[in-house]
Amino acid sequence: MTTARFVSTSPAHLSSAWTSPVPESLGRASGRVAAFPSRPHGVLLHLRSSPVMAAAGVGGNGSPTAPGDCEGPSRIREVKRVTKETNVHVKINLDGTGVADCSTGIPFLDHMLDQLASHGLFDVYVKATGDTHIDDHHSNEDIALAIGTALLQALGDRKGINRFGHFIAPLDEAAVEVILDLSGRPHLSCGLDIPTERVGTYDTQLVEHFFQSLVNTSGMTLHIRQLAGKNSHHIIEASFKAFARALRQATEYDLRRRGTVPSSKGVLSRS
């Protein structure tokens, strides 16, 4: 068994790391690494909104603002995972605007991570190298483990969030339903029937393994159910889109909860 080394960066360090403006295009052809919008107040995330939006409790990305006023703890985290098989660097901003900069060495996975950012309105940065000359298994797994760890840390004590998310995403003939609970208890039920072994060079068995790995480190209960679909690409992409929207719903703030933990126990823990 390979021993992984996780390195997590504190919010204070992250604020100084992301000071460059986001380029208009995140196309990989430019060869530049995109930076997320800077957060000029260290560990505080200031959500800018118009007076109308503020009155309605809506932040700059269209989501409810943090309870109490228009600022709350930064929900940006960075994780590095290094093993003898892979080197993975992940940054995630739960209160982003859908910026994606992903280069995993697996083109189809890059495309799926773009869906996660775009439809979840998360800022997602993933850079990874690995032993893809063998196959994509190790890179696929370690990227998901790192994303799950970043998500776990960004959520913190989970005070004030909706906790639950549910979305059905159609894509042409395909439709996939995702239900999730940011409970602290990892569980995956995956009911996908993908008809081909590969989409491009991507082994379709790795879809379930990606979500299982993410669930394991994030402490999420996740149910994925295929309602319709014949095209493998459509089924997988609908899964990631539905997951992104359900996760967005679960991580957004419930203004009526007023910053309390969404649990009758008073705590949502990873264990």
# chains A, B, ... in the order shown; residues from 1 in each chain; ligands from 1
>>> closest_atom_pairs(of="stretch 70-176 of chain A", to="stretch 195-210 of chain A", cutoff="7 Å", atoms="only C-alpha atoms", output="CSV")
residue,atom,partner,partner_atom,distance
A:Phe108,CA,A:Tyr202,CA,6.4
A:His137,CA,A:Leu206,CA,6.8
A:Asn140,CA,A:Phe210,CA,6.2
A:Glu141,CA,A:Phe210,CA,5.7
A:Ala144,CA,A:Phe210,CA,5.6
>>> atom_distance(atom1="atom CA of A:Leu109", atom2="atom CA of A:Tyr253")
28.8 Å
>>> residues_around(residues="A:His234", least_positions_apart="5", cutoff="12 Å", atoms="only C-alpha atoms", output="VMD selection string")
chain A and resid 112 169 to 176 192 to 196 199 226 228 to 229 239 to 242
>>> residues_around(residues="A:Leu182", least_positions_apart="3", cutoff="9 Å", atoms="only C-alpha atoms", output="list in words")
Arg158, Asn162, Arg163, Phe164, Gly165, Arg185, Pro186, Ser218, Gly219, Met220, Thr221, Leu222, Leu247, Ala250, Thr251 and Leu268 of chain A
>>> write_last_selection(atoms="C-alpha atoms", output="PDB file, in the first residue's frame")
ATOM      1  CA  ARG A 158     -21.046  23.193   8.577  1.00  0.00           C
ATOM      2  CA  ASN A 162     -28.627  23.591   3.897  1.00  0.00           C
ATOM      3  CA  ARG A 163     -26.830  20.242   4.333  1.00  0.00           C
ATOM      4  CA  PHE A 164     -29.106  18.370   1.905  1.00  0.00           C
ATOM      5  CA  GLY A 165     -29.111  18.582  -1.887  1.00  0.00           C
ATOM      6  CA  ARG A 185     -21.004   9.824   7.289  1.00  0.00           C
ATOM      7  CA  PRO A 186     -19.508   8.458   4.044  1.00  0.00           C
ATOM      8  CA  SER A 218     -15.568  14.330   2.393  1.00  0.00           C
ATOM      9  CA  GLY A 219     -17.874  12.427   4.743  1.00  0.00           C
ATOM     10  CA  MET A 220     -20.828  12.681   2.375  1.00  0.00           C
ATOM     11  CA  THR A 221     -23.847  10.452   1.866  1.00  0.00           C
ATOM     12  CA  LEU A 222     -24.414  10.281  -1.891  1.00  0.00           C
ATOM     13  CA  LEU A 247     -23.725  19.973  -3.924  1.00  0.00           C
ATOM     14  CA  ALA A 250     -26.283  21.584   0.088  1.00  0.00           C
ATOM     15  CA  THR A 251     -23.343  23.939   0.657  1.00  0.00           C
ATOM     16  CA  LEU A 268     -22.036  17.275  12.074  1.00  0.00           C
TER      17      LEU A 268
END
>>> select_by_dssp(residues="stretch 125-185 of chain A", states="strand (DSSP E)", output="PyMOL selection string")
chain A and resi 125-130+164-171+174-181
>>> residues_around(residues="A:Lys91", least_positions_apart="2", cutoff="8 Å", atoms="only C-alpha atoms", output="compact mmCIF listing (two decimals) with all heavy atoms, in the first residue's frame")
# COMPACT_ATOMS: atom_id res chain seq x y z
N ILE A 76 -12.49 28.54 1.23
CA ILE A 76 -11.49 28.20 0.22
C ILE A 76 -10.45 27.30 0.87
O ILE A 76 -9.94 27.62 1.94
CB ILE A 76 -10.78 29.46 -0.31
CG1 ILE A 76 -11.79 30.47 -0.88
CG2 ILE A 76 -9.75 29.09 -1.37
CD1 ILE A 76 -11.18 31.81 -1.22
N ARG A 77 -10.16 26.20 0.25
CA ARG A 77 -9.14 25.30 0.78
C ARG A 77 -8.28 24.74 -0.34
O ARG A 77 -8.72 24.59 -1.48
CB ARG A 77 -9.77 24.15 1.57
CG ARG A 77 -10.41 24.57 2.90
CD ARG A 77 -9.37 25.17 3.85
NE ARG A 77 -9.96 25.50 5.14
CZ ARG A 77 -10.56 26.63 5.43
NH1 ARG A 77 -10.68 27.57 4.50
NH2 ARG A 77 -11.05 26.85 6.64
N GLU A 78 -7.06 24.40 0.03
CA GLU A 78 -6.07 23.87 -0.89
C GLU A 78 -5.50 22.59 -0.29
O GLU A 78 -5.18 22.53 0.90
CB GLU A 78 -4.95 24.90 -1.10
CG GLU A 78 -3.83 24.40 -2.01
CD GLU A 78 -2.79 25.50 -2.23
OE1 GLU A 78 -2.84 26.51 -1.49
OE2 GLU A 78 -1.96 25.36 -3.12
N VAL A 79 -5.40 21.55 -1.10
CA VAL A 79 -4.89 20.26 -0.65
C VAL A 79 -3.89 19.73 -1.67
O VAL A 79 -4.12 19.81 -2.89
CB VAL A 79 -6.03 19.23 -0.47
CG1 VAL A 79 -5.49 17.82 -0.26
CG2 VAL A 79 -6.92 19.62 0.70
N HIS A 89 -2.65 18.41 -6.86
CA HIS A 89 -2.79 19.72 -6.23
C HIS A 89 -4.20 20.23 -6.53
O HIS A 89 -4.58 20.40 -7.69
CB HIS A 89 -1.74 20.68 -6.80
CG HIS A 89 -1.74 22.03 -6.16
ND1 HIS A 89 -0.99 23.08 -6.66
CD2 HIS A 89 -2.37 22.53 -5.07
CE1 HIS A 89 -1.17 24.15 -5.91
NE2 HIS A 89 -2.01 23.85 -4.94
N ASN A 93 -13.02 26.71 -4.07
CA ASN A 93 -13.72 27.83 -3.43
C ASN A 93 -15.21 27.55 -3.54
O ASN A 93 -15.77 27.57 -4.65
CB ASN A 93 -13.36 29.14 -4.14
CG ASN A 93 -14.11 30.34 -3.57
OD1 ASN A 93 -14.83 30.23 -2.60
ND2 ASN A 93 -13.93 31.49 -4.21
N ASP A 123 -15.23 27.51 -7.67
CA ASP A 123 -13.96 27.68 -8.37
C ASP A 123 -13.13 26.43 -8.09
O ASP A 123 -12.89 26.09 -6.92
CB ASP A 123 -13.23 28.93 -7.88
CG ASP A 123 -13.96 30.22 -8.26
OD1 ASP A 123 -14.81 30.17 -9.17
OD2 ASP A 123 -13.68 31.26 -7.64
N VAL A 124 -12.70 25.77 -9.14
CA VAL A 124 -12.02 24.48 -9.01
C VAL A 124 -10.71 24.52 -9.79
O VAL A 124 -10.70 24.76 -11.00
CB VAL A 124 -12.90 23.31 -9.52
CG1 VAL A 124 -12.16 21.98 -9.38
CG2 VAL A 124 -14.22 23.26 -8.78
N TYR A 125 -9.63 24.28 -9.07
CA TYR A 125 -8.29 24.20 -9.67
C TYR A 125 -7.74 22.82 -9.36
O TYR A 125 -7.68 22.41 -8.20
CB TYR A 125 -7.39 25.29 -9.08
CG TYR A 125 -5.92 25.19 -9.44
CD1 TYR A 125 -5.40 25.92 -10.51
CD2 TYR A 125 -5.05 24.39 -8.70
CE1 TYR A 125 -4.05 25.85 -10.84
CE2 TYR A 125 -3.71 24.31 -9.03
CZ TYR A 125 -3.21 25.04 -10.09
OH TYR A 125 -1.88 24.95 -10.41
N VAL A 126 -7.39 22.07 -10.39
CA VAL A 126 -6.80 20.74 -10.20
C VAL A 126 -5.63 20.60 -11.16
O VAL A 126 -5.79 20.75 -12.38
CB VAL A 126 -7.81 19.61 -10.46
CG1 VAL A 126 -7.15 18.24 -10.23
CG2 VAL A 126 -9.04 19.74 -9.56
N ILE A 147 -10.03 16.21 -3.70
CA ILE A 147 -11.20 17.09 -3.79
C ILE A 147 -12.10 16.89 -2.57
O ILE A 147 -12.59 17.85 -1.97
CB ILE A 147 -11.98 16.84 -5.09
CG1 ILE A 147 -11.16 17.32 -6.30
CG2 ILE A 147 -13.33 17.55 -5.06
CD1 ILE A 147 -11.79 16.98 -7.64
N ALA A 150 -10.50 18.61 0.42
CA ALA A 150 -10.67 20.06 0.33
C ALA A 150 -12.10 20.47 0.66
O ALA A 150 -12.34 21.47 1.36
CB ALA A 150 -10.29 20.55 -1.07
